[in-house]
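**Q** Pasting a structure below so you can have a look.
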Amino acid sequence: MMSNWEHKHIIELSKFSREDYNCVLGLAHRFKSLPKTGARKLPALQGKLVTTLFFEPSTRTRNSFELAAKKLSADVQSFSASNSSIKKGESSLDTALTYVAMGADVLIVRHQAAGIPEQLANELDKLGKTTAILNAGDGLHSHPSQALLDLYTLALYFNPINPLPNELTGKTILIVGDILHSRVARSNLWSLTACGANVILCGPPSLLPMEFLDFVKSPPPDNNKDPIDKRGEVSIIYSLDEALKEVDAIMTLRLQKERMQQNLLTSLNQYNVEFGINHQRLQRCGKSVPVLHPGPINRGVEMSSKLLDDRSICLVEEQVNNGIPIRMALLYLLAASEKF
Ligand code: CP
C-alpha cells in the first residue's frame with residue numbers, strides 16, 4: 001500500500017486531495033510505461049479476489065477493470081444482474097454480502113441508483129469486513145474511475161513525458177452536453193477543479209440548471225472540509241460557439257435518448273445543430289484542441305462521425321486505453337500488499 005494513501009473505498013472524488021490525484025496518475029503512468037515485452041503480468045494482487053458487481057450494463061468500465069485486475073495477477077469474478085438471483089428478489093446488499101462471503105477483496109460496483117456503493121461500503125465497515133468498494137458508476141452521482149482516466153488523458157496530451165495533475169492548472173476545459181443527468185460530468189467537476197482547471201459547462205438550458213455553478217462549493221455532508229484549498233472556477237455558457245472561443249480541451253457527453261421522451265429536448269438533429277462538435281465548429285477555438293467522450297457515443301449526434309475517427313484530435317481511443325493503467329492504479333492502491 002502507498003504510504004500516503006488513506007482511502008479504504010473509492011466512492012467519489014470530492015474526497016480526493018491533490019496528493020491522491022498525484023498518486024493515482026503517477027502510478028498509472030508507471031503501469032502504462034512498463035515494457036510491452038517480457039512478463040505480461042505483475043504479481044501485486046496475487047491471491048486477491050476482485051469481483052465486478054454490475055447491476056447496470058457496461059462495456060468499457062467492466063472489461064477495463066477486469067483486464068486491469070488480471071494484469072495485476074488477481075483472481076477475477078464477474079456478476080451481472082440479468083442472470084443472477086436478483087431476478088428472484090435478492091437485494092443488492094445481500095448480493096454484495098454473498099460475494100464478500102466468497103472472499104472478495106475488492107467489489108467494483110455499478111448501480112442504477114445513486115448512493116448504493118456508499119451504502120454497501122458503510123454496511124461492510126459496520127460488519128467489520130475488510131472488503132473495499134470501488135464505485136464504477138452510480139445513478140447520476142459519481143463515476144470516479146472515468147474522471148480519473150479523463151484527467152490522465154488530458155495530462156498526457158499536455159505533457160506526454162510527465163503527465164501529472166498540475167498540467168491542468170490554469171487550463172480551460174469545456175464540458176458540453178447533458179450535464180444534468182451525467183455522473184461523468186459531476187466527477188469531472190471535482191477532479192478538474194481540484195487540479196486548478198477552470199471548467200465551462202455548456203448544453204441546452206433544460207439539461208444544465210444554473211445550480212451547477214455552485215456544485216463544487218457544496219461538498220457532500222460527510223466531508224467536513226474540502227481537501228482542496230483552492231479549486232478552479234466553474235462557469236456556464238449556453239452558446240457553444242461562444243464557449244469554444246476560450247478552451248484548451250473539450251469533453252463531450254453522451255446524450256441520453258430517453259431525455260427526448262421527457263420533453264427535455266426537441267430532437268437529436270436540433271441538439272446536433274446547436275451542440276454537436278465537428279471540424280468546422282472547432283475552427284472557432286483558434287487553435288488545435290483535443291476532444292474527449294466517455295462513451296458510449298451516438299455517432300453524428302454529440303460529435304460528427306468524421307471527427308470521432310480523426311485520431312489527431314479525438315482522444316476517445318486513448319481514453320479507453322488509459323482506463324486500464326488508471327484502474328490498475330486504483331486496484332493496486334486498494335488491495336496490493338507490496339510496493340510496486
Ligand atoms: N464510459 C462508460 O462508463 O462506459 P460503459 O458504460 O461502457 O462502462
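Going through the C-alpha cells in order, the chains are called A, B, and so on, while each chain numbers its residues from 1 and the ligands are numbered from 1 in the order shown.
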Could the residues that lie within 9 Å of ligand 1, counting only C-alpha atoms and all ligand atoms, be listed as a list of chain:residue names?
**A**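 Using only C-alpha atoms and all ligand atoms, everything at most 9 Å from ligand 1 comes to A:Glu56, A:Pro57, A:Ser58, A:Thr59, A:Arg60, A:Thr61, A:Arg62, A:Asn63, A:Ser64, A:Arg110, A:Ala136, A:Gly137, A:His143, A:Ser145, A:Gln146, A:Val184, A:His293, A:Pro294, A:Gly295, A:Pro296, A:Val320.
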**Q** Return as a ChimeraX atom specification the full set of residues in range 100-328 of chain A whose backbone-based DSSP assignment is helix (DSSP H, G or I).
**A** /A:100-101,116-126,144-158,165-168,183-194,205-207,210-217,240-246,258-261,268-275,279-285,305-308,316-328
**Q** Applying 8 Å and only C-alpha atoms, which residues near range 305-315 of chain A remain after dropping the ones on its own chain fewer than 6 positions away? List them as a VMD selection string.
**A** chain A and resid 153 277 to 279 288 to 293 299
**Q** Could you save those same residues with N, CA, C and O atoms as a PDB file, in the first residue's frame?
**A**
```pdb
ATOM      1  N   THR A 153      -5.732  11.313 -19.384  1.00  0.00           N
ATOM      2  CA  THR A 153      -5.665  11.503 -20.840  1.00  0.00           C
ATOM      3  C   THR A 153      -5.340  12.964 -21.170  1.00  0.00           C
ATOM      4  O   THR A 153      -4.520  13.249 -22.054  1.00  0.00           O
ATOM      5  N   ILE A 277     -20.230  18.690 -32.003  1.00  0.00           N
ATOM      6  CA  ILE A 277     -18.879  19.161 -32.322  1.00  0.00           C
ATOM      7  C   ILE A 277     -18.460  18.537 -33.653  1.00  0.00           C
ATOM      8  O   ILE A 277     -18.642  17.337 -33.862  1.00  0.00           O
ATOM      9  N   ASN A 278     -17.885  19.366 -34.517  1.00  0.00           N
ATOM     10  CA  ASN A 278     -17.344  18.874 -35.788  1.00  0.00           C
ATOM     11  C   ASN A 278     -16.131  19.724 -36.163  1.00  0.00           C
ATOM     12  O   ASN A 278     -15.822  20.711 -35.474  1.00  0.00           O
ATOM     13  N   HIS A 279     -15.446  19.348 -37.227  1.00  0.00           N
ATOM     14  CA  HIS A 279     -14.214  20.055 -37.600  1.00  0.00           C
ATOM     15  C   HIS A 279     -14.468  21.544 -37.839  1.00  0.00           C
ATOM     16  O   HIS A 279     -13.683  22.397 -37.408  1.00  0.00           O
ATOM     17  N   SER A 288      -5.560  24.237 -32.109  1.00  0.00           N
ATOM     18  CA  SER A 288      -5.945  22.825 -32.085  1.00  0.00           C
ATOM     19  C   SER A 288      -6.251  22.403 -30.650  1.00  0.00           C
ATOM     20  O   SER A 288      -5.420  22.592 -29.757  1.00  0.00           O
ATOM     21  N   VAL A 289      -7.449  21.880 -30.421  1.00  0.00           N
ATOM     22  CA  VAL A 289      -7.796  21.402 -29.071  1.00  0.00           C
ATOM     23  C   VAL A 289      -8.302  19.965 -29.164  1.00  0.00           C
ATOM     24  O   VAL A 289      -8.972  19.596 -30.134  1.00  0.00           O
ATOM     25  N   PRO A 290      -7.997  19.142 -28.151  1.00  0.00           N
ATOM     26  CA  PRO A 290      -8.453  17.752 -28.183  1.00  0.00           C
ATOM     27  C   PRO A 290      -9.920  17.641 -27.790  1.00  0.00           C
ATOM     28  O   PRO A 290     -10.432  18.471 -27.030  1.00  0.00           O
ATOM     29  N   VAL A 291     -10.569  16.598 -28.303  1.00  0.00           N
ATOM     30  CA  VAL A 291     -11.975  16.345 -27.975  1.00  0.00           C
ATOM     31  C   VAL A 291     -12.080  14.955 -27.341  1.00  0.00           C
ATOM     32  O   VAL A 291     -11.544  13.979 -27.878  1.00  0.00           O
ATOM     33  N   LEU A 292     -12.755  14.898 -26.203  1.00  0.00           N
ATOM     34  CA  LEU A 292     -12.919  13.629 -25.478  1.00  0.00           C
ATOM     35  C   LEU A 292     -14.398  13.253 -25.424  1.00  0.00           C
ATOM     36  O   LEU A 292     -15.275  14.111 -25.562  1.00  0.00           O
ATOM     37  N   HIS A 293     -14.654  11.984 -25.162  1.00  0.00           N
ATOM     38  CA  HIS A 293     -16.020  11.487 -24.950  1.00  0.00           C
ATOM     39  C   HIS A 293     -15.898  10.222 -24.120  1.00  0.00           C
ATOM     40  O   HIS A 293     -15.086   9.343 -24.450  1.00  0.00           O
ATOM     41  N   ARG A 299     -22.912   8.317 -32.667  1.00  0.00           N
ATOM     42  CA  ARG A 299     -22.205   8.898 -33.825  1.00  0.00           C
ATOM     43  C   ARG A 299     -23.096   9.919 -34.525  1.00  0.00           C
ATOM     44  O   ARG A 299     -24.261   9.645 -34.796  1.00  0.00           O
TER      45      ARG A 299
END
```
**Q** With a distance cut-off of 10 Å and only C-alpha atoms, select the neighbouring residues of range 244-251 of chain A, excluding the residue or stretch itself and same-chain residues fewer than 5 positions from it, and output the selection as a short mmCIF file (atom, residue, chain, number, x, y, z; two decimals) with N, CA and C atoms, in the first residue's frame.
**A**
```cif
data_model
loop_
_atom_site.label_atom_id
_atom_site.label_comp_id
_atom_site.auth_asym_id
_atom_site.auth_seq_id
_atom_site.Cartn_x
_atom_site.Cartn_y
_atom_site.Cartn_z
N ASP A 150 -10.01 10.33 -17.63
CA ASP A 150 -10.11 11.57 -18.42
C ASP A 150 -8.99 12.53 -18.03
N LEU A 154 -5.95 13.88 -20.44
CA LEU A 154 -5.66 15.31 -20.67
C LEU A 154 -4.23 15.64 -20.25
N TYR A 157 -1.93 14.51 -22.82
CA TYR A 157 -1.99 15.35 -24.02
C TYR A 157 -1.12 16.60 -23.81
N PHE A 158 -1.24 17.19 -22.61
CA PHE A 158 -0.49 18.45 -22.36
C PHE A 158 0.99 18.19 -22.06
N LEU A 168 -2.94 20.53 -15.62
CA LEU A 168 -4.29 21.09 -15.84
C LEU A 168 -4.44 22.49 -15.25
N GLY A 170 -4.74 26.13 -14.58
CA GLY A 170 -4.88 27.30 -15.44
C GLY A 170 -5.48 27.00 -16.81
N LYS A 171 -5.71 25.73 -17.11
CA LYS A 171 -6.32 25.38 -18.39
C LYS A 171 -7.84 25.58 -18.31
N THR A 172 -8.47 25.81 -19.46
CA THR A 172 -9.93 25.93 -19.51
C THR A 172 -10.49 24.72 -20.25
N ILE A 173 -11.34 23.98 -19.55
CA ILE A 173 -11.91 22.74 -20.11
C ILE A 173 -13.41 22.94 -20.28
N LEU A 174 -13.88 22.69 -21.48
CA LEU A 174 -15.32 22.79 -21.77
C LEU A 174 -15.96 21.42 -21.64
N ILE A 175 -17.04 21.33 -20.85
CA ILE A 175 -17.85 20.10 -20.81
C ILE A 175 -19.18 20.43 -21.46
N VAL A 176 -19.52 19.70 -22.53
CA VAL A 176 -20.72 20.05 -23.28
C VAL A 176 -21.66 18.85 -23.39
N GLY A 177 -22.95 19.12 -23.12
CA GLY A 177 -23.94 18.06 -23.28
C GLY A 177 -24.97 18.04 -22.17
N ALA A 185 -19.90 14.00 -15.73
CA ALA A 185 -19.67 15.44 -15.59
C ALA A 185 -19.46 15.82 -14.13
N ASN A 188 -16.05 14.75 -13.13
CA ASN A 188 -15.07 15.62 -13.78
C ASN A 188 -15.00 16.99 -13.13
N ALA A 197 -7.99 23.52 -12.93
CA ALA A 197 -8.56 23.86 -14.24
C ALA A 197 -9.84 24.66 -14.03
N ASN A 198 -10.10 25.57 -14.95
CA ASN A 198 -11.38 26.27 -14.97
C ASN A 198 -12.31 25.53 -15.92
N VAL A 199 -13.55 25.29 -15.48
CA VAL A 199 -14.47 24.47 -16.27
C VAL A 199 -15.61 25.34 -16.78
N ILE A 200 -15.84 25.27 -18.10
CA ILE A 200 -17.04 25.89 -18.68
C ILE A 200 -18.04 24.77 -18.96
N LEU A 201 -19.25 24.93 -18.47
CA LEU A 201 -20.32 23.97 -18.77
C LEU A 201 -21.21 24.55 -19.85
N CYS A 202 -21.60 23.71 -20.80
CA CYS A 202 -22.43 24.18 -21.92
C CYS A 202 -23.42 23.07 -22.29
N ILE A 237 -21.94 28.69 -20.01
CA ILE A 237 -22.19 29.46 -21.23
C ILE A 237 -23.13 28.62 -22.09
N SER A 239 -24.27 29.21 -25.13
CA SER A 239 -23.98 29.19 -26.56
C SER A 239 -22.65 28.47 -26.80
N ILE A 277 -20.23 18.69 -32.00
CA ILE A 277 -18.88 19.16 -32.32
C ILE A 277 -18.46 18.54 -33.65
N ARG A 281 -16.77 23.51 -36.63
CA ARG A 281 -17.03 24.23 -35.38
C ARG A 281 -15.75 24.45 -34.58
N LEU A 282 -14.85 23.47 -34.66
CA LEU A 282 -13.61 23.57 -33.89
C LEU A 282 -12.75 24.74 -34.33
N GLN A 283 -12.97 25.24 -35.55
CA GLN A 283 -12.19 26.39 -36.02
C GLN A 283 -12.40 27.61 -35.12
N ARG A 284 -13.54 27.64 -34.42
CA ARG A 284 -13.82 28.76 -33.51
C ARG A 284 -12.82 28.82 -32.36
N CYS A 285 -12.16 27.71 -32.07
CA CYS A 285 -11.21 27.68 -30.95
C CYS A 285 -9.94 28.48 -31.28
N GLY A 286 -9.65 28.66 -32.54
CA GLY A 286 -8.47 29.44 -32.93
C GLY A 286 -7.17 28.69 -32.71
N LYS A 287 -7.23 27.46 -32.25
CA LYS A 287 -6.04 26.61 -32.08
C LYS A 287 -6.52 25.16 -32.06
N SER A 288 -5.56 24.24 -32.11
CA SER A 288 -5.95 22.82 -32.08
C SER A 288 -6.25 22.40 -30.65
N VAL A 289 -7.45 21.88 -30.42
CA VAL A 289 -7.80 21.40 -29.07
C VAL A 289 -8.30 19.96 -29.16
N PRO A 290 -8.00 19.14 -28.15
CA PRO A 290 -8.45 17.75 -28.18
C PRO A 290 -9.92 17.64 -27.79
N VAL A 291 -10.57 16.60 -28.30
CA VAL A 291 -11.98 16.34 -27.98
C VAL A 291 -12.08 14.95 -27.34
N LEU A 292 -12.75 14.90 -26.20
CA LEU A 292 -12.92 13.63 -25.48
C LEU A 292 -14.40 13.25 -25.42
N HIS A 293 -14.65 11.98 -25.16
CA HIS A 293 -16.02 11.49 -24.95
C HIS A 293 -15.90 10.22 -24.12
N PRO A 294 -16.70 10.07 -23.05
CA PRO A 294 -16.53 8.87 -22.21
C PRO A 294 -17.05 7.59 -22.85
N ILE A 313 -7.21 14.56 -33.27
CA ILE A 313 -7.96 15.48 -32.41
C ILE A 313 -8.78 14.74 -31.37
N CYS A 314 -9.41 13.65 -31.79
CA CYS A 314 -10.34 12.95 -30.91
C CYS A 314 -9.60 11.89 -30.08
N LEU A 315 -9.71 12.00 -28.76
CA LEU A 315 -8.92 11.14 -27.87
C LEU A 315 -9.71 9.95 -27.30
#
```
**Q** Can you work out the spacing between CA of Asn162 in chain A and CA of Ala69 in chain A in Å, to one decimal?
**A**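 One can read the CA of Asn162 in chain A to CA of Ala69 in chain A distance as 24.6 Å.
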**Q** If you count only C-alpha atoms, which residues fall within 9 Å of Ser142 in chain A, apart from same-chain ones fewer than 6 positions away, as JSON, numbers by chain?
**A** {"A": [11, 12, 13, 114, 115, 135, 136, 182, 183, 184, 185, 186, 187]}
**Q** Can those selected residues be exported to a file as a PDB file, in the first residue's frame so that it contains N, CA and C atoms?
**A**
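New file out_38.pdb:
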```pdb
ATOM      1  N   ILE A  11     -15.382   6.054  -3.582  1.00  0.00           N
ATOM      2  CA  ILE A  11     -16.810   6.260  -3.857  1.00  0.00           C
ATOM      3  C   ILE A  11     -17.009   7.508  -4.714  1.00  0.00           C
ATOM      4  N   GLU A  12     -16.352   8.600  -4.338  1.00  0.00           N
ATOM      5  CA  GLU A  12     -16.473   9.816  -5.151  1.00  0.00           C
ATOM      6  C   GLU A  12     -15.254  10.713  -4.948  1.00  0.00           C
ATOM      7  N   LEU A  13     -15.032  11.606  -5.932  1.00  0.00           N
ATOM      8  CA  LEU A  13     -13.775  12.355  -5.945  1.00  0.00           C
ATOM      9  C   LEU A  13     -13.806  13.617  -5.096  1.00  0.00           C
ATOM     10  N   ALA A 114     -28.202   6.081  -7.337  1.00  0.00           N
ATOM     11  CA  ALA A 114     -27.128   6.844  -6.681  1.00  0.00           C
ATOM     12  C   ALA A 114     -27.058   6.439  -5.213  1.00  0.00           C
ATOM     13  N   GLY A 115     -25.846   6.290  -4.700  1.00  0.00           N
ATOM     14  CA  GLY A 115     -25.663   6.050  -3.265  1.00  0.00           C
ATOM     15  C   GLY A 115     -25.496   4.595  -2.872  1.00  0.00           C
ATOM     16  N   ASN A 135     -16.464   2.359  -6.642  1.00  0.00           N
ATOM     17  CA  ASN A 135     -17.648   2.790  -7.389  1.00  0.00           C
ATOM     18  C   ASN A 135     -17.350   2.844  -8.895  1.00  0.00           C
ATOM     19  N   ALA A 136     -18.098   2.066  -9.666  1.00  0.00           N
ATOM     20  CA  ALA A 136     -17.909   2.045 -11.120  1.00  0.00           C
ATOM     21  C   ALA A 136     -19.043   2.789 -11.832  1.00  0.00           C
ATOM     22  N   SER A 182     -25.575  13.573 -15.952  1.00  0.00           N
ATOM     23  CA  SER A 182     -24.268  12.942 -16.148  1.00  0.00           C
ATOM     24  C   SER A 182     -23.475  12.785 -14.857  1.00  0.00           C
ATOM     25  N   ARG A 183     -23.252  11.512 -14.457  1.00  0.00           N
ATOM     26  CA  ARG A 183     -22.355  11.256 -13.317  1.00  0.00           C
ATOM     27  C   ARG A 183     -20.909  11.529 -13.728  1.00  0.00           C
ATOM     28  N   VAL A 184     -20.622  11.371 -15.026  1.00  0.00           N
ATOM     29  CA  VAL A 184     -19.261  11.648 -15.504  1.00  0.00           C
ATOM     30  C   VAL A 184     -18.945  13.138 -15.341  1.00  0.00           C
ATOM     31  N   ALA A 185     -19.900  13.996 -15.730  1.00  0.00           N
ATOM     32  CA  ALA A 185     -19.666  15.444 -15.594  1.00  0.00           C
ATOM     33  C   ALA A 185     -19.461  15.817 -14.130  1.00  0.00           C
ATOM     34  N   ARG A 186     -20.260  15.239 -13.249  1.00  0.00           N
ATOM     35  CA  ARG A 186     -20.120  15.568 -11.813  1.00  0.00           C
ATOM     36  C   ARG A 186     -18.734  15.172 -11.307  1.00  0.00           C
ATOM     37  N   SER A 187     -18.280  13.967 -11.659  1.00  0.00           N
ATOM     38  CA  SER A 187     -16.944  13.554 -11.194  1.00  0.00           C
ATOM     39  C   SER A 187     -15.856  14.401 -11.842  1.00  0.00           C
TER      40      SER A 187
END
```
**Q** May I ask for the distance between CA of Ser304 in chain A and CA of Asp241 in chain A, given in Å to one decimal place?
**A**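 Separation between CA of Ser304 in chain A and CA of Asp241 in chain A: 15.9 Å.
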**Q** Name the residues of range 180-247 of chain A that come out as strand (DSSP E or B) in a backbone DSSP run; write them as a PyMOL selection string.
**A** chain A and resi 198-202+234-236
**Q** Please dump the current selection as an mmCIF file, in the first residue's frame; keep N, CA, C and O atoms.
**A**
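Now in result_21.cif:
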```cif
data_model
loop_
_atom_site.group_PDB
_atom_site.id
_atom_site.type_symbol
_atom_site.label_atom_id
_atom_site.label_comp_id
_atom_site.auth_asym_id
_atom_site.auth_seq_id
_atom_site.Cartn_x
_atom_site.Cartn_y
_atom_site.Cartn_z
ATOM 1 N N ASN A 198 -10.099 25.575 -14.951
ATOM 2 C CA ASN A 198 -11.383 26.273 -14.973
ATOM 3 C C ASN A 198 -12.306 25.525 -15.924
ATOM 4 O O ASN A 198 -11.891 25.152 -17.023
ATOM 5 N N VAL A 199 -13.548 25.291 -15.481
ATOM 6 C CA VAL A 199 -14.466 24.471 -16.266
ATOM 7 C C VAL A 199 -15.610 25.338 -16.785
ATOM 8 O O VAL A 199 -16.250 26.065 -16.019
ATOM 9 N N ILE A 200 -15.844 25.268 -18.099
ATOM 10 C CA ILE A 200 -17.037 25.886 -18.682
ATOM 11 C C ILE A 200 -18.039 24.771 -18.964
ATOM 12 O O ILE A 200 -17.695 23.769 -19.613
ATOM 13 N N LEU A 201 -19.253 24.925 -18.472
ATOM 14 C CA LEU A 201 -20.321 23.969 -18.765
ATOM 15 C C LEU A 201 -21.206 24.553 -19.853
ATOM 16 O O LEU A 201 -21.527 25.754 -19.826
ATOM 17 N N CYS A 202 -21.601 23.707 -20.798
ATOM 18 C CA CYS A 202 -22.429 24.175 -21.915
ATOM 19 C C CYS A 202 -23.424 23.074 -22.293
ATOM 20 O O CYS A 202 -23.072 21.893 -22.281
ATOM 21 N N VAL A 234 -15.886 27.542 -12.008
ATOM 22 C CA VAL A 234 -16.894 26.913 -12.884
ATOM 23 C C VAL A 234 -17.776 28.015 -13.464
ATOM 24 O O VAL A 234 -18.228 28.896 -12.722
ATOM 25 N N SER A 235 -17.992 27.990 -14.780
ATOM 26 C CA SER A 235 -18.918 28.954 -15.382
ATOM 27 C C SER A 235 -19.851 28.219 -16.341
ATOM 28 O O SER A 235 -19.592 27.074 -16.732
ATOM 29 N N ILE A 236 -20.948 28.887 -16.686
ATOM 30 C CA ILE A 236 -21.930 28.309 -17.620
ATOM 31 C C ILE A 236 -22.080 29.247 -18.811
ATOM 32 O O ILE A 236 -22.272 30.455 -18.627
#
```
